[in-house]
Structure formats: C-alpha cells, structure tokens
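Chemist: The structure file entry04.cif (mmCIF, C-alpha atoms) is provided below.
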```cif
data_target
#
loop_
_atom_site.label_atom_id
_atom_site.label_comp_id
_atom_site.auth_asym_id
_atom_site.auth_seq_id
_atom_site.Cartn_x
_atom_site.Cartn_y
_atom_site.Cartn_z
CA MET Q 1 23.31 139.57 64.02
CA THR Q 2 24.64 136.88 66.35
CA ALA Q 3 27.35 137.56 68.91
CA PRO Q 4 30.77 136.22 68.00
CA LYS Q 5 31.53 132.90 69.64
CA VAL Q 6 34.11 132.75 72.36
CA HIS Q 7 37.02 130.64 71.17
CA PRO Q 8 39.16 128.61 73.54
CA SER Q 9 41.79 131.29 73.07
CA GLU Q 10 42.07 134.50 71.10
CA LYS Q 11 44.71 137.20 70.74
CA THR Q 12 44.45 140.79 69.57
CA LYS Q 13 47.05 143.55 69.46
CA THR Q 14 46.68 144.51 73.13
CA LEU Q 15 44.76 141.62 74.74
CA SER Q 16 44.50 137.85 74.88
CA TRP Q 17 41.69 135.80 76.29
CA GLU Q 18 41.26 132.16 77.03
CA LEU Q 19 38.45 129.99 78.36
CA LYS Q 20 39.97 127.44 80.70
CA ASP Q 21 38.36 125.26 83.38
CA GLY Q 22 35.23 127.39 83.48
CA THR Q 23 37.06 130.68 83.83
CA ILE Q 24 37.79 133.26 81.16
CA GLU Q 25 41.21 134.84 81.62
CA LEU Q 26 41.66 138.20 79.94
CA ALA Q 27 45.32 139.26 79.75
CA LEU Q 28 46.36 142.84 79.04
CA HIS Q 29 49.66 142.98 77.15
CA HIS Q 30 50.11 146.41 75.65
CA PRO Q 31 53.56 147.86 76.48
CA PRO Q 32 54.79 149.75 78.31
CA CYS Q 33 52.00 149.49 80.90
CA ASN Q 34 48.69 148.78 79.15
CA GLU Q 35 47.90 152.40 78.32
CA MET Q 36 44.23 152.58 77.40
CA GLY Q 37 43.95 154.32 74.06
CA THR Q 38 42.16 153.57 70.80
CA ALA Q 39 43.92 150.25 70.22
CA MET Q 40 42.99 148.82 73.60
CA LEU Q 41 39.47 150.23 73.40
CA GLU Q 42 38.88 148.46 70.07
CA ASP Q 43 40.22 145.20 71.48
CA LEU Q 44 38.12 145.52 74.64
CA GLU Q 45 35.06 146.08 72.44
CA GLN Q 46 35.90 142.89 70.58
CA PHE Q 47 36.32 141.05 73.88
CA VAL Q 48 32.99 142.15 75.41
CA ALA Q 49 31.24 141.19 72.16
CA THR Q 50 32.38 137.60 72.74
CA LEU Q 51 31.68 137.65 76.48
CA GLU Q 52 27.94 137.07 76.10
CA SER Q 53 28.44 133.85 74.18
CA ALA Q 54 30.70 132.51 76.95
CA GLU Q 55 28.17 132.93 79.70
CA GLY Q 56 26.90 129.37 79.57
CA LYS Q 57 30.41 127.97 79.58
CA ALA Q 58 32.16 130.03 82.25
CA GLY Q 59 31.47 131.02 85.83
CA ALA Q 60 34.13 133.67 86.27
CA LEU Q 61 36.32 136.18 84.48
CA ILE Q 62 39.82 137.18 85.58
CA VAL Q 63 41.39 140.35 84.17
CA TYR Q 64 45.15 140.58 84.67
CA SER Q 65 48.27 142.10 83.12
CA ARG Q 66 51.30 140.49 81.55
CA GLN Q 67 53.26 143.74 81.73
CA GLU Q 68 55.89 143.79 84.45
CA ALA Q 69 55.25 147.44 85.39
CA GLY Q 70 51.72 146.79 86.46
CA PHE Q 71 48.05 146.30 85.69
CA SER Q 72 47.64 149.55 83.73
CA ALA Q 73 48.97 153.09 83.82
CA GLY Q 74 45.55 154.33 82.67
CA ALA Q 75 44.45 156.37 79.68
CA ASP Q 76 46.95 156.84 76.87
CA LEU Q 77 47.71 160.52 77.49
CA ARG Q 78 50.27 160.68 74.70
CA GLU Q 79 47.70 159.54 72.18
CA LEU Q 80 45.09 161.88 73.65
CA TYR Q 81 47.43 164.87 73.41
CA GLY Q 82 48.79 163.96 69.97
CA THR Q 83 45.33 163.43 68.51
CA SER Q 84 43.95 166.60 70.08
CA LEU Q 85 46.70 168.88 68.76
CA ALA Q 86 45.34 169.02 65.22
CA LEU Q 87 41.73 169.58 66.28
CA THR Q 88 39.66 172.62 67.21
CA ALA Q 89 38.38 172.79 70.79
CA ALA Q 90 34.92 171.68 69.66
CA GLU Q 91 36.34 168.75 67.69
CA ARG Q 92 38.51 167.76 70.66
CA VAL Q 93 35.54 167.62 73.00
CA SER Q 94 33.40 165.76 70.49
CA GLY Q 95 36.16 163.20 69.92
CA VAL Q 96 36.81 162.66 73.61
CA ARG Q 97 33.07 162.28 74.31
CA THR Q 98 32.79 159.55 71.68
CA PHE Q 99 35.83 157.78 73.13
CA LEU Q 100 34.47 157.99 76.68
CA GLU Q 101 31.02 156.75 75.67
CA ARG Q 102 32.58 153.74 73.96
CA MET Q 103 34.82 153.02 76.98
CA HIS Q 104 31.82 153.33 79.32
CA ARG Q 105 29.90 150.78 77.21
CA VAL Q 106 32.80 148.34 77.58
CA LEU Q 107 33.20 148.85 81.33
CA ASN Q 108 29.44 148.73 81.90
CA ALA Q 109 29.33 145.40 80.05
CA ILE Q 110 32.06 143.99 82.31
CA ASP Q 111 30.34 145.50 85.36
CA ALA Q 112 26.99 143.93 84.38
CA SER Q 113 28.34 140.55 83.25
CA PRO Q 114 26.61 137.68 85.06
CA LEU Q 115 30.04 136.10 85.52
CA THR Q 116 31.90 136.73 88.77
CA THR Q 117 34.58 139.15 87.62
CA ILE Q 118 37.97 139.49 89.29
CA ALA Q 119 40.66 142.08 88.63
CA ALA Q 120 44.01 140.52 89.57
CA VAL Q 121 46.27 143.54 89.82
CA HIS Q 122 49.95 144.15 90.44
CA GLY Q 123 52.22 147.19 90.26
CA VAL Q 124 50.85 150.37 88.77
CA THR Q 125 47.05 150.45 88.81
CA PHE Q 126 46.42 154.06 87.91
CA GLY Q 127 43.61 156.12 86.45
CA GLY Q 128 41.82 154.17 83.73
CA GLY Q 129 43.46 150.96 84.91
CA PHE Q 130 42.02 151.50 88.38
CA GLU Q 131 38.65 152.22 86.74
CA LEU Q 132 38.78 148.94 84.82
CA ALA Q 133 39.52 147.13 88.09
CA LEU Q 134 36.63 148.91 89.83
CA ALA Q 135 34.24 147.64 87.15
CA CYS Q 136 35.03 144.09 88.33
CA ASP Q 137 33.30 142.43 91.30
CA LEU Q 138 36.49 141.76 93.24
CA ILE Q 139 39.93 143.31 93.20
CA ILE Q 140 42.70 140.99 94.32
CA ALA Q 141 46.01 142.80 94.64
CA ASP Q 142 49.65 141.81 94.68
CA LYS Q 143 51.23 143.12 97.89
CA MET Q 144 53.26 145.60 95.80
CA ALA Q 145 50.29 147.01 93.83
CA ARG Q 146 49.79 150.77 93.89
CA PHE Q 147 46.53 152.61 93.20
CA CYS Q 148 46.05 156.20 92.13
CA PHE Q 149 43.71 158.63 90.42
CA PRO Q 150 46.17 161.29 89.13
CA GLU Q 151 43.67 163.04 86.83
CA LEU Q 152 43.16 166.17 88.95
CA ARG Q 153 46.90 166.79 88.75
CA LEU Q 154 46.34 167.35 85.03
CA GLY Q 155 43.20 169.45 85.39
CA LEU Q 156 40.76 166.63 84.72
CA ILE Q 157 38.63 164.10 86.55
CA PRO Q 158 38.64 160.35 85.99
CA GLY Q 159 36.61 159.68 82.84
CA PHE Q 160 36.09 155.92 82.65
CA GLY Q 161 33.55 155.73 85.49
CA GLY Q 162 35.99 156.10 88.36
CA ILE Q 163 34.12 158.49 90.63
CA PRO Q 164 30.71 156.75 90.54
CA ARG Q 165 32.31 153.34 91.04
CA LEU Q 166 34.57 154.58 93.86
CA ARG Q 167 31.50 156.10 95.53
CA ARG Q 168 29.67 152.80 95.12
CA ASP Q 169 32.45 150.90 96.87
CA THR Q 170 33.81 153.15 99.58
CA GLY Q 171 33.16 156.14 101.82
CA ASN Q 172 33.27 159.67 100.53
CA GLY Q 173 36.22 160.58 102.77
CA VAL Q 174 38.45 158.10 100.96
CA VAL Q 175 37.11 159.19 97.57
CA ARG Q 176 37.90 162.83 98.30
CA ASP Q 177 41.37 162.01 99.62
CA LEU Q 178 42.27 159.94 96.54
CA LEU Q 179 40.87 162.42 94.04
CA LEU Q 180 41.68 165.77 95.61
CA THR Q 181 45.28 164.92 96.49
CA GLY Q 182 45.98 162.63 93.50
CA ARG Q 183 48.14 160.53 95.82
CA SER Q 184 48.81 156.85 95.34
CA ILE Q 185 48.06 154.19 97.95
CA ASN Q 186 49.38 150.68 98.52
CA ALA Q 187 47.40 147.45 98.66
CA ALA Q 188 47.09 147.43 102.44
CA LYS Q 189 45.52 150.90 102.41
CA ALA Q 190 43.24 149.83 99.55
CA VAL Q 191 42.06 146.89 101.67
CA ALA Q 192 41.43 149.20 104.61
CA ALA Q 193 39.46 151.50 102.30
CA GLY Q 194 37.29 148.61 101.14
CA LEU Q 195 38.50 148.67 97.54
CA VAL Q 196 40.57 145.50 97.56
CA SER Q 197 39.26 142.26 99.05
CA GLN Q 198 42.37 140.07 99.07
CA VAL Q 199 46.12 140.64 99.01
CA ALA Q 200 48.50 138.12 97.44
CA ALA Q 201 52.23 137.66 98.01
CA GLU Q 202 54.50 139.18 95.38
CA GLY Q 203 54.07 137.45 92.04
CA GLU Q 204 51.19 135.25 93.25
CA VAL Q 205 48.15 137.34 92.40
CA LEU Q 206 47.06 135.31 89.38
CA GLN Q 207 47.21 132.04 91.36
CA VAL Q 208 45.11 133.58 94.14
CA ALA Q 209 42.64 134.93 91.57
CA ARG Q 210 42.38 131.50 89.91
CA ALA Q 211 41.59 129.83 93.23
CA THR Q 212 38.96 132.50 93.94
CA ALA Q 213 37.45 132.11 90.46
CA ALA Q 214 37.29 128.33 90.88
CA GLN Q 215 35.40 128.74 94.16
CA ALA Q 216 32.97 131.36 92.81
CA GLY Q 217 32.43 129.24 89.69
CA LYS Q 218 31.04 126.31 91.72
CA PHE Q 219 27.80 128.13 92.48
CA ASN Q 220 24.59 128.19 90.52
CA ARG Q 221 25.07 130.91 87.89
CA THR Q 222 21.49 132.21 88.08
CA THR Q 223 21.82 132.72 91.83
CA SER Q 224 25.28 134.30 91.60
CA ALA Q 225 24.14 136.65 88.83
CA ALA Q 226 21.01 137.66 90.77
CA ALA Q 227 23.06 138.28 93.93
CA LYS Q 228 25.51 140.37 91.95
CA ARG Q 229 22.78 142.54 90.41
CA PHE Q 230 21.31 143.07 93.88
CA LEU Q 231 24.69 143.85 95.51
CA LYS Q 232 26.21 145.96 92.79
CA PRO Q 233 23.83 148.19 90.87
CA ILE Q 234 25.45 150.17 88.06
CA PRO Q 235 25.27 153.93 88.75
CA HIS Q 236 24.16 154.82 85.21
CA GLU Q 237 22.98 158.37 85.96
CA GLU Q 238 26.23 159.32 87.73
CA LEU Q 239 28.26 157.71 84.95
CA ARG Q 240 26.50 159.90 82.37
CA ARG Q 241 27.11 162.99 84.50
CA GLU Q 242 30.79 162.07 84.79
CA ILE Q 243 31.16 162.09 80.99
CA ASP Q 244 29.47 165.53 80.82
CA LEU Q 245 31.73 166.96 83.52
CA PHE Q 246 34.86 165.48 81.95
CA CYS Q 247 33.98 167.05 78.59
CA GLU Q 248 33.21 170.39 80.21
CA LEU Q 249 36.64 170.40 81.90
CA PHE Q 250 38.40 169.08 78.80
CA GLU Q 251 37.35 172.18 76.84
CA ARG Q 252 39.69 174.42 78.84
CA SER Q 253 43.09 175.30 77.42
CA ALA Q 254 44.68 174.57 80.82
CA VAL Q 255 44.07 170.86 80.22
CA MET Q 256 45.96 170.85 76.93
CA GLU Q 257 48.77 172.74 78.65
CA GLY Q 258 48.88 170.16 81.47
CA LEU Q 259 48.91 167.33 78.93
CA ARG Q 260 51.65 169.06 76.95
CA LYS Q 261 53.87 169.36 80.03
CA PHE Q 262 53.22 165.73 80.93
CA VAL Q 263 53.91 164.39 77.42
CA GLU Q 264 56.96 166.54 76.69
CA HIS Q 265 58.59 166.00 80.07
CA THR Q 266 61.62 163.72 79.75
CA GLY Q 267 63.10 163.71 83.28
CA ALA Q 268 63.11 160.77 85.70
CA HIS Q 269 60.33 162.41 87.69
CA PRO Q 270 57.09 162.76 85.72
CA TYR Q 271 55.40 166.11 85.37
CA LEU Q 272 52.72 165.96 88.02
CA PRO Q 273 51.98 169.03 90.13
CA MET S 274 61.49 156.42 118.30
CA LYS S 275 64.14 155.82 115.69
CA THR S 276 66.75 158.47 115.04
CA LEU S 277 67.15 159.97 111.57
CA GLU S 278 70.43 158.06 111.27
CA GLN S 279 68.75 154.74 112.10
CA THR S 280 65.96 155.36 109.60
CA THR S 281 68.47 156.36 106.92
CA GLU S 282 70.48 153.22 107.58
CA GLU S 283 67.38 151.03 107.26
CA ILE S 284 66.50 152.68 103.95
CA LEU S 285 70.01 152.18 102.62
CA GLY S 286 69.94 148.52 103.68
CA LEU S 287 66.55 147.92 102.08
CA ALA S 288 67.57 149.68 98.84
CA ALA S 289 70.83 147.71 98.68
CA ARG S 290 69.06 144.38 99.20
CA HIS S 291 66.22 145.03 96.81
CA PHE S 292 68.17 146.70 94.01
CA LYS S 293 71.15 144.36 94.49
CA ILE S 294 73.78 147.02 95.08
CA PRO S 295 76.52 146.52 97.69
CA ARG S 296 75.49 148.47 100.81
CA GLU S 297 78.90 150.14 101.04
CA GLU S 298 78.30 151.79 97.66
CA LEU S 299 75.30 153.74 98.97
CA ALA S 300 75.59 156.94 100.99
CA PRO S 301 72.88 159.06 102.68
CA SER S 302 73.48 161.99 100.32
CA ASP S 303 73.26 159.90 97.14
CA ASP S 304 70.65 160.63 94.48
CA PHE S 305 68.72 157.37 94.64
CA TYR S 306 67.36 157.75 91.10
CA LYS S 307 70.89 157.79 89.75
CA LYS S 308 72.50 155.40 92.21
CA LEU S 309 69.79 152.74 91.94
CA LYS S 310 69.29 153.46 88.21
CA ILE S 311 65.52 153.72 88.65
CA ASP S 312 62.77 155.66 86.91
CA SER S 313 59.64 157.06 88.49
CA LEU S 314 57.83 153.69 88.36
CA ARG S 315 60.63 151.90 90.18
CA ALA S 316 60.75 154.79 92.66
CA LEU S 317 57.08 154.06 93.46
CA GLU S 318 58.09 150.47 94.09
CA LEU S 319 60.76 151.70 96.51
CA ILE S 320 58.17 153.83 98.31
CA THR S 321 55.80 150.85 98.56
CA ARG S 322 58.56 148.71 100.05
CA LEU S 323 59.42 151.47 102.52
CA GLU S 324 55.75 151.77 103.52
CA HIS S 325 55.62 148.03 104.22
CA HIS S 326 58.96 148.06 106.05
CA PHE S 327 58.12 150.98 108.34
CA GLY S 328 54.38 150.30 108.57
CA ILE S 329 53.47 153.79 107.41
CA GLU S 330 51.72 155.60 104.58
CA LEU S 331 53.99 157.83 102.55
CA PRO S 332 51.93 159.99 100.19
CA ASP S 333 53.84 160.61 96.98
CA TYR S 334 53.36 164.38 97.21
CA GLU S 335 55.45 164.30 100.39
CA VAL S 336 58.39 162.80 98.53
CA GLN S 337 57.94 164.77 95.32
CA GLY S 338 61.24 166.38 94.42
CA VAL S 339 63.10 164.29 97.01
CA THR S 340 66.09 162.59 95.44
CA ASP S 341 68.50 161.72 98.28
CA PHE S 342 68.22 159.01 100.92
CA ARG S 343 68.65 161.33 103.90
CA THR S 344 65.78 163.63 102.92
CA LEU S 345 63.67 160.57 102.17
CA ALA S 346 64.46 159.35 105.71
CA SER S 347 63.34 162.69 107.16
CA ARG S 348 59.97 162.39 105.38
CA ILE S 349 59.58 158.88 106.78
CA GLN S 350 60.55 160.11 110.27
CA ALA S 351 57.59 162.49 110.16
CA ARG S 352 55.24 159.51 109.71
CA LEU S 353 56.68 157.14 112.34
#
```
Please express the file's structure as structure tokens.
Modeler:
Amino acid sequence: MTAPKVHPSEKTKTLSWELKDGTIELALHHPPCNEMGTAMLEDLEQFVATLESAEGKAGALIVYSRQEAGFSAGADLRELYGTSLALTAAERVSGVRTFLERMHRVLNAIDASPLTTIAAVHGVTFGGGFELALACDLIIADKMARFCFPELRLGLIPGFGGIPRLRRDTGNGVVRDLLLTGRSINAAKAVAAGLVSQVAAEGEVLQVARATAAQAGKFNRTTSAAAKRFLKPIPHEELRREIDLFCELFERSAVMEGLRKFVEHTGAHPYLP
Amino acid sequence: MKTLEQTTEEILGLAARHFKIPREELAPSDDFYKKLKIDSLRALELITRLEHHFGIELPDYEVQGVTDFRTLASRIQARL
C-alpha cells in the first residue's frame, strides 16, 4: 500500500493542510476550541498518513489554530464522558486505551517527522493541545497564550504523552509545579521554563512561525533531520508507561465523578477543584 | 509599594480599556464576570493581561472563586 499523496491543500472536518513555499501548514479548526476527540483523531491520522509523501517537497511543518479561543482546549471531555456512560468499567478502560494508543501514534509521527515542526500557539493551550505542541520541535507563542495541564484536577494524568515530553524539555521542578497544581502559565513563564522558544506580538504568531519555517527550510534536510533525531529522542518507554498509568487511574469511579461534575457544570466558572 | 486602591484602580482601567467599557461604569465591588460579560476563557485572558501589566505570576488557583475587582486586586497585591 502506498502512502496517500500530499495535495497542495486538503480539508477535513476538523483540520486543513496546505503545502506552500516549502512549508506544510496544518490548521486546526474544530469549534469551540479544537477539542481533541474521535473526529480530530481520525483527521490527524489522515494528515500524518500524507506527511511522509511530503517529505521531499517540504522543509517545515507549522501547526496552528484558526479558533479565536486558542490553540486547543485539549481532550474532548464531553465526548469521553458521554461515550463512557454506557460502558462497563472494563469496556471504558479498553476503549480509552485504544484511543490513547492511536493518539500516541499520531503524536509520535509528528515528533519523529524529519521536517522541522513548529507549533504556533495562541490563547488556550491546555492538556492535549499542550501535548500536541510539545510533540513539535519548536513552540512559538502569541504573547497572550496560556499553558496548562489541568488533568490532575479531574483525577487523571495527561494521556497524550505530556509527562514524558515535558520531562524531555524542562526540569522536573517545573514539571511537578505544572502537574501537581494544575495551574496555568503565560508565555513569558513558558519561555523561562524552556518550553517556548519565541514569543510573538498579539495576533502575529503565524507570521513569526512562517519566517522561522522559511529559515529552517533553507538547510539540507538530511542534516536537519539527523540533528533533530540526535537532539530530540522520543521517550518511547515512558510514553508506554504513561498510557498504562492513565488507564489504571481511569478505572476508578472518582474519575467518572470528576468528569460528570465538569461536563454538567453550567456556571461561568468551570468545575475544577 | 502600591496601595490596594492604586492596584484596584489600575485593574479597573485595564479592564475598561480592553473590554471597551467606560471606566466610570466599573466599580471595585463589581462582579467582573457579569460586568465585563466574560466567561472563564475570557477571564483567563484578563489574568494574562494583568500578569503582563503588573509583571507578576498569578496562579489561577489563587483567583479561583474571586469575582470582584477589589478581591482580585488583593490577590495581585500579595504578588507585587
């Protein structure tokens, strides 16, 4: 079976991608804030299947959002809760494991791509959205971007590779602070923590990412890909352990209760302990 | 060191400018969710702007449950 060809532009329900001037631009456009559920997973799978065929034509990949609220609010908790309700505990865990394994394959493919990959983020960059950004080589942030791993507030851990990739990029003190408090941080703090490499003025992140992609795309691809593999090994063993731990925690009834409170809450302030 | 009144005034000014509401319509005791007509996502944006303005970090758990400008100012005071 041959990989699907990358077309100059393609649009799915939640994503669009375009090959332009040697850069692939992947736009997330799934309202309200690019929640990562089954629909986006399927579209991301379709995208990474085309990525391989683009490698000779492009030097860089930019991932960005067309949603005003931000890059991504993370996993689709409403879908997760709604789907889980009708299932037994064993079926829930089995279903979530399959979902996580598929999402890990997608993010590992982006992480391992020989292209120079750039997450151009603005606004809310939470949970799974933050994990997608961490799979990229560079994160360039709008000044108003906000980063958070809120999972522990719901009785879970990040499940899309967040902990191993955070540990790869920054010190354990920052990792513990972000995870164990569930607090959000701004772009300046994310730069100080070593997670973000460049900050753009409000509304300018895509332009800054395009200029960065154009520069990175000038270099010999074999050299850039070799440097990337050397600089940024994929923590496969930790990623597998993260899925196991997530599933172990997901079995507990407290998680469904936390999800229920989150999903059913209708006030201006979200349910987050 | 700014006084609580000065900090409150700066917050009110910033909120008025950014959310395009006449400054005189905002009072320290107002519920900023209602007065600015914002949801939790826009409230995060307000916090980010306040962090930039005051040059501080304002963890969201410190402002959880805070709804009025004066209490928000007191949380910021603790970080100045």
Chemist: Given the point (33.0, 167.1, 81.0) in the file's coordinates, find the residues that have an atom at most 10 Å from it, counting only C-alpha atoms, and give them as an mmCIF file with C-alpha atoms, keeping the file's coordinate frame.
Modeler:
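So the final result, stored in point.cif, reads:
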```cif
data_model
loop_
_atom_site.group_PDB
_atom_site.id
_atom_site.type_symbol
_atom_site.label_atom_id
_atom_site.label_comp_id
_atom_site.auth_asym_id
_atom_site.auth_seq_id
_atom_site.Cartn_x
_atom_site.Cartn_y
_atom_site.Cartn_z
ATOM 1 C CA VAL Q 93 35.540 167.620 73.000
ATOM 2 C CA VAL Q 96 36.810 162.660 73.610
ATOM 3 C CA ARG Q 97 33.070 162.280 74.310
ATOM 4 C CA LEU Q 156 40.760 166.630 84.720
ATOM 5 C CA ILE Q 157 38.630 164.100 86.550
ATOM 6 C CA GLY Q 159 36.610 159.680 82.840
ATOM 7 C CA ARG Q 240 26.500 159.900 82.370
ATOM 8 C CA ARG Q 241 27.110 162.990 84.500
ATOM 9 C CA GLU Q 242 30.790 162.070 84.790
ATOM 10 C CA ILE Q 243 31.160 162.090 80.990
ATOM 11 C CA ASP Q 244 29.470 165.530 80.820
ATOM 12 C CA LEU Q 245 31.730 166.960 83.520
ATOM 13 C CA PHE Q 246 34.860 165.480 81.950
ATOM 14 C CA CYS Q 247 33.980 167.050 78.590
ATOM 15 C CA GLU Q 248 33.210 170.390 80.210
ATOM 16 C CA LEU Q 249 36.640 170.400 81.900
ATOM 17 C CA PHE Q 250 38.400 169.080 78.800
ATOM 18 C CA GLU Q 251 37.350 172.180 76.840
#
```
Chemist: Got a sec to check which residues sit within 9 Å of (59.8, 155.3, 100.2), counting only C-alpha atoms, and write them as a PyMOL selection string?
Modeler: chain S and resi 284+316-324+331+333+336+345-346+348-349
Chemist: Pick from Q:Thr88, Q:Ser224, Q:Gln198, Q:Asn172: nearest to Ile118 in chain Q, with only C-alpha atoms counted?
Modeler: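 The closest residue to Ile118 in chain Q is Q:Gln198.
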Chemist: Starting from the shown file, work through the PyMOL selection byres ((chain S) within 6 of (chain Q)) and note down what comes out as a PyMOL selection string.
Modeler: chain S and resi 312-313+332-333
Chemist: Let me know the residues the PyMOL selection byres ((chain Q and resi 49-56) around 12) catches in the file above, as an MDAnalysis selection string.
Modeler: chainID Q and resid 1:10 17:20 22:26 42:48 57:61 105:106 109:117 217 220:222 225
Chemist: Name the residues captured by the PyMOL selection byres ((chain Q and resi 84) around 12) when it is applied to the shown file; answer as a compact mmCIF listing (two decimals) with C-alpha atoms, in the coordinates of the input.
Modeler:
```txt
# COMPACT_ATOMS: atom_id res chain seq x y z
CA LEU Q 77 47.71 160.52 77.49
CA ARG Q 78 50.27 160.68 74.70
CA GLU Q 79 47.70 159.54 72.18
CA LEU Q 80 45.09 161.88 73.65
CA TYR Q 81 47.43 164.87 73.41
CA GLY Q 82 48.79 163.96 69.97
CA THR Q 83 45.33 163.43 68.51
CA LEU Q 85 46.70 168.88 68.76
CA ALA Q 86 45.34 169.02 65.22
CA LEU Q 87 41.73 169.58 66.28
CA THR Q 88 39.66 172.62 67.21
CA ALA Q 89 38.38 172.79 70.79
CA ALA Q 90 34.92 171.68 69.66
CA GLU Q 91 36.34 168.75 67.69
CA ARG Q 92 38.51 167.76 70.66
CA VAL Q 93 35.54 167.62 73.00
CA SER Q 94 33.40 165.76 70.49
CA GLY Q 95 36.16 163.20 69.92
CA VAL Q 96 36.81 162.66 73.61
CA PHE Q 250 38.40 169.08 78.80
CA GLU Q 251 37.35 172.18 76.84
CA SER Q 253 43.09 175.30 77.42
CA VAL Q 255 44.07 170.86 80.22
CA MET Q 256 45.96 170.85 76.93
CA GLU Q 257 48.77 172.74 78.65
CA LEU Q 259 48.91 167.33 78.93
CA ARG Q 260 51.65 169.06 76.95
```
Chemist: State, in Å with one decimal place, the distance from CA of Ile139 in chain Q to CA of Val199 in chain Q.
Modeler: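 Straight-line distance from CA of Ile139 in chain Q to CA of Val199 in chain Q works out to 8.9 Å.
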Chemist: Tell me, in Å to one decimal, how far CA of Phe160 in chain Q is from CA of Asn34 in chain Q.
Modeler: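 We find that CA of Phe160 in chain Q and CA of Asn34 in chain Q lie 14.9 Å from each other.
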Chemist: Enter the distance from CA of Ile62 in chain Q to CA of Ala119 in chain Q, in Å, rounded to one decimal.
Modeler: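 So the two atoms, CA of Ile62 in chain Q and CA of Ala119 in chain Q, lie 5.8 Å apart.
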Chemist: Applying 8 Å and all atoms listed in the file, which residues near Leu299 in chain S remain after dropping the ones on its own chain fewer than 4 positions away? List them as number ranges by chain.
Modeler: S: 285, 289, 294-295, 303, 308
Chemist: Out of S:Gln337, S:Gln350, S:Thr344, S:Ser302, which residue has the shortest atom-to-atom distance to Thr280 in chain S when counting only C-alpha atoms?
Modeler: S:Gln350
Chemist: Check the smallest atom-to-atom distance from each of S:Ala288, S:Ala300, S:Leu277, S:Val339 to Arg315 in chain S using all atoms listed in the file, then report the winner.
Modeler: S:Ala288
Chemist: Select, from Q:Leu180, Q:Ala27, Q:Ile234, Q:Ala214, the residue with the minimum atom-to-atom distance to Val63 in chain Q, counting only C-alpha atoms.
Modeler: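 Smallest separation from Val63 in chain Q among the options: Q:Ala27.
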